[in-house]
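Shown next: work31.pdb, given as PDB, C-alpha atoms.
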ATOM      1  CA  MET A   1     172.307 158.939 114.482
ATOM      2  CA  PHE A   2     173.509 158.819 118.096
ATOM      3  CA  THR A   3     171.282 156.083 119.421
ATOM      4  CA  LYS A   4     171.704 153.955 122.516
ATOM      5  CA  ALA A   5     172.986 151.134 120.288
ATOM      6  CA  PHE A   6     175.539 153.503 118.723
ATOM      7  CA  TRP A   7     176.924 154.586 122.095
ATOM      8  CA  LYS A   8     176.975 151.024 123.405
ATOM      9  CA  ALA A   9     178.996 149.877 120.375
ATOM     10  CA  THR A  10     181.249 152.944 120.610
ATOM     11  CA  GLY A  11     181.884 152.362 124.321
ATOM     12  CA  GLU A  12     182.738 148.736 123.677
ATOM     13  CA  ARG A  13     185.167 149.750 120.951
ATOM     14  CA  ALA A  14     186.809 152.384 123.175
ATOM     15  CA  VAL A  15     187.300 149.918 126.048
ATOM     16  CA  ARG A  16     188.640 147.247 123.698
ATOM     17  CA  THR A  17     191.061 149.695 122.045
ATOM     18  CA  GLY A  18     192.276 151.033 125.385
ATOM     19  CA  ALA A  19     192.869 147.521 126.715
ATOM     20  CA  GLN A  20     194.798 146.536 123.581
ATOM     21  CA  VAL A  21     197.060 149.581 123.810
ATOM     22  CA  LEU A  22     197.682 149.045 127.529
ATOM     23  CA  ALA A  23     198.565 145.385 126.948
ATOM     24  CA  ALA A  24     200.863 146.327 124.059
ATOM     25  CA  ALA A  25     202.629 149.095 125.988
ATOM     26  CA  LEU A  26     203.230 146.979 129.084
ATOM     27  CA  GLY A  27     204.161 143.943 126.989
ATOM     28  CA  LEU A  28     206.702 145.897 124.968
ATOM     29  CA  ASP A  29     208.131 147.289 128.215
ATOM     30  CA  THR A  30     208.490 143.738 129.541
ATOM     31  CA  VAL A  31     210.587 142.632 126.576
ATOM     32  CA  GLY A  32     212.616 145.843 126.622
ATOM     33  CA  LEU A  33     211.500 147.379 123.327
ATOM     34  CA  ILE A  34     210.089 150.530 124.946
ATOM     35  CA  HIS A  35     210.035 151.956 128.441
ATOM     36  CA  ALA A  36     206.461 152.409 129.611
ATOM     37  CA  ASP A  37     205.516 152.188 133.265
ATOM     38  CA  TRP A  38     201.902 151.834 134.395
ATOM     39  CA  GLY A  39     201.326 155.597 134.260
ATOM     40  CA  ASP A  40     202.600 155.824 130.697
ATOM     41  CA  GLY A  41     200.602 152.760 129.692
ATOM     42  CA  LEU A  42     197.389 154.154 131.177
ATOM     43  CA  SER A  43     197.980 157.504 129.463
ATOM     44  CA  LEU A  44     198.440 155.792 126.112
ATOM     45  CA  ALA A  45     195.357 153.624 126.701
ATOM     46  CA  GLY A  46     193.216 156.629 127.644
ATOM     47  CA  GLY A  47     194.354 158.557 124.591
ATOM     48  CA  ALA A  48     193.623 155.606 122.321
ATOM     49  CA  ALA A  49     190.163 155.158 123.845
ATOM     50  CA  LEU A  50     189.402 158.851 123.321
ATOM     51  CA  LEU A  51     190.546 158.631 119.704
ATOM     52  CA  ALA A  52     188.313 155.572 119.199
ATOM     53  CA  VAL A  53     185.294 157.591 120.393
ATOM     54  CA  LEU A  54     186.201 160.594 118.233
ATOM     55  CA  THR A  55     186.679 158.338 115.205
ATOM     56  CA  ALA A  56     183.278 156.739 115.790
ATOM     57  CA  VAL A  57     181.576 160.140 115.976
ATOM     58  CA  ALA A  58     183.385 161.421 112.883
ATOM     59  CA  ALA A  59     182.573 158.283 110.865
ATOM     60  CA  SER A  60     178.926 158.013 111.918
ATOM     61  CA  GLY A  61     175.906 158.934 109.889
ATOM     62  CA  GLY A  62     172.294 157.834 109.608
ATOM     63  CA  GLU A  63     171.746 154.315 110.889
ATOM     64  CA  GLU A  64     175.413 153.481 110.553
ATOM     65  CA  GLY A  65     177.386 152.091 113.424
ATOM     66  CA  PRO A  66     180.489 153.543 114.955
ATOM     67  CA  GLY A  67     182.515 152.570 111.884
ATOM     68  CA  ILE A  68     182.047 153.442 108.231
ATOM     69  CA  THR A  69     181.259 149.866 107.185
ATOM     70  CA  GLU A  70     179.299 148.858 110.292
ATOM     71  CA  THR A  71     175.602 148.822 111.028
ATOM     72  CA  VAL A  72     174.360 148.839 114.609
ATOM     73  CA  ARG A  73     171.876 146.069 115.254
ATOM     74  CA  VAL A  74     168.874 147.324 117.165
ATOM     75  CA  ARG A  75     166.859 144.723 119.063
ATOM     76  CA  LYS A  76     163.147 145.050 118.538
TER      77      LYS A  76
END
Let's see the structure in the file written out as structure tokens.
Amino acid sequence: MFTKAFWKATGERAVRTGAQVLAAALGLDTVGLIHADWGDGLSLAGGAALLAVLTAVAASGGEEGPGITETVRVRK
């Protein structure tokens, strides 16, 4: 269940999610919709990345990938 391919895909998802949240938080601060300095943005990004990992673990099973409808491709 928790193969190298699983953790690689999960890590990629966590980094991607964290980056998206950081970009959104700082972008929304720039246009004045919310107030989020770099510290707040990094906190939000870290929390989102952690939730992405926890979601992947909770949704995993068998040969499934980090998401319910995903399959991890293993190179042979």
*asked:* Running the PyMOL selection byres ((chain A and resi 36) around 12) on this model by hand, what would come out? Give it as a VMD selection string.
replied: chain A and resid 21 to 35 37 to 45
Residues just named, written with C-alpha atoms as a PDB file, keeping the file's coordinate frame:
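Once written, out09.pdb looks like this:
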ATOM      1  CA  VAL A  21     197.060 149.581 123.810  1.00  0.00           C
ATOM      2  CA  LEU A  22     197.682 149.045 127.529  1.00  0.00           C
ATOM      3  CA  ALA A  23     198.565 145.385 126.948  1.00  0.00           C
ATOM      4  CA  ALA A  24     200.863 146.327 124.059  1.00  0.00           C
ATOM      5  CA  ALA A  25     202.629 149.095 125.988  1.00  0.00           C
ATOM      6  CA  LEU A  26     203.230 146.979 129.084  1.00  0.00           C
ATOM      7  CA  GLY A  27     204.161 143.943 126.989  1.00  0.00           C
ATOM      8  CA  LEU A  28     206.702 145.897 124.968  1.00  0.00           C
ATOM      9  CA  ASP A  29     208.131 147.289 128.215  1.00  0.00           C
ATOM     10  CA  THR A  30     208.490 143.738 129.541  1.00  0.00           C
ATOM     11  CA  VAL A  31     210.587 142.632 126.576  1.00  0.00           C
ATOM     12  CA  GLY A  32     212.616 145.843 126.622  1.00  0.00           C
ATOM     13  CA  LEU A  33     211.500 147.379 123.327  1.00  0.00           C
ATOM     14  CA  ILE A  34     210.089 150.530 124.946  1.00  0.00           C
ATOM     15  CA  HIS A  35     210.035 151.956 128.441  1.00  0.00           C
ATOM     16  CA  ASP A  37     205.516 152.188 133.265  1.00  0.00           C
ATOM     17  CA  TRP A  38     201.902 151.834 134.395  1.00  0.00           C
ATOM     18  CA  GLY A  39     201.326 155.597 134.260  1.00  0.00           C
ATOM     19  CA  ASP A  40     202.600 155.824 130.697  1.00  0.00           C
ATOM     20  CA  GLY A  41     200.602 152.760 129.692  1.00  0.00           C
ATOM     21  CA  LEU A  42     197.389 154.154 131.177  1.00  0.00           C
ATOM     22  CA  SER A  43     197.980 157.504 129.463  1.00  0.00           C
ATOM     23  CA  LEU A  44     198.440 155.792 126.112  1.00  0.00           C
ATOM     24  CA  ALA A  45     195.357 153.624 126.701  1.00  0.00           C
TER      25      ALA A  45
END
*Could you please determine the separation between CA of Arg13 in chain A and CA of Ala52 in chain A in Å, to one decimal place?*
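For CA of Arg13 in chain A relative to CA of Ala52 in chain A, the distance reads 6.8 Å.
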*In Å, with one decimal, what is the gap from CA of Leu50 in chain A to CA of Phe6 in chain A?*
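Rounded to one decimal, the two atoms are 15.6 Å apart.
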_Please report the interatomic distance between CA of Ser60 in chain A and CA of Thr10 in chain A in Å with one decimal._
10.3 Å
*Hits from the PyMOL selection byres ((chain A and resi 53) around 9), listed as a list in words*: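 Matching residues under the PyMOL selection byres ((chain A and resi 53) around 9) are Thr10, Gly11, Arg13, Ala14, Ala48, Ala49, Leu50, Leu51, Ala52, Leu54, Thr55, Ala56, Val57, Ala58 and Pro66 of chain A.
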*Pick out the closest residue to Gly47 in chain A from this set: A:Phe2, A:Ala19, A:Ala9, A:Ala59. Count all atoms listed in the file.*
A:Ala19
Might I get the box with edges along x, y and z of the file that holds all atoms of range 47-52 of chain A listed there, padded by 4 Å on every side, given as centre and edge lengths in Å to one decimal, as JSON?
{"center_x": 191.3, "center_y": 157.0, "center_z": 121.9, "size_x": 14.0, "size_y": 11.7, "size_z": 13.4}
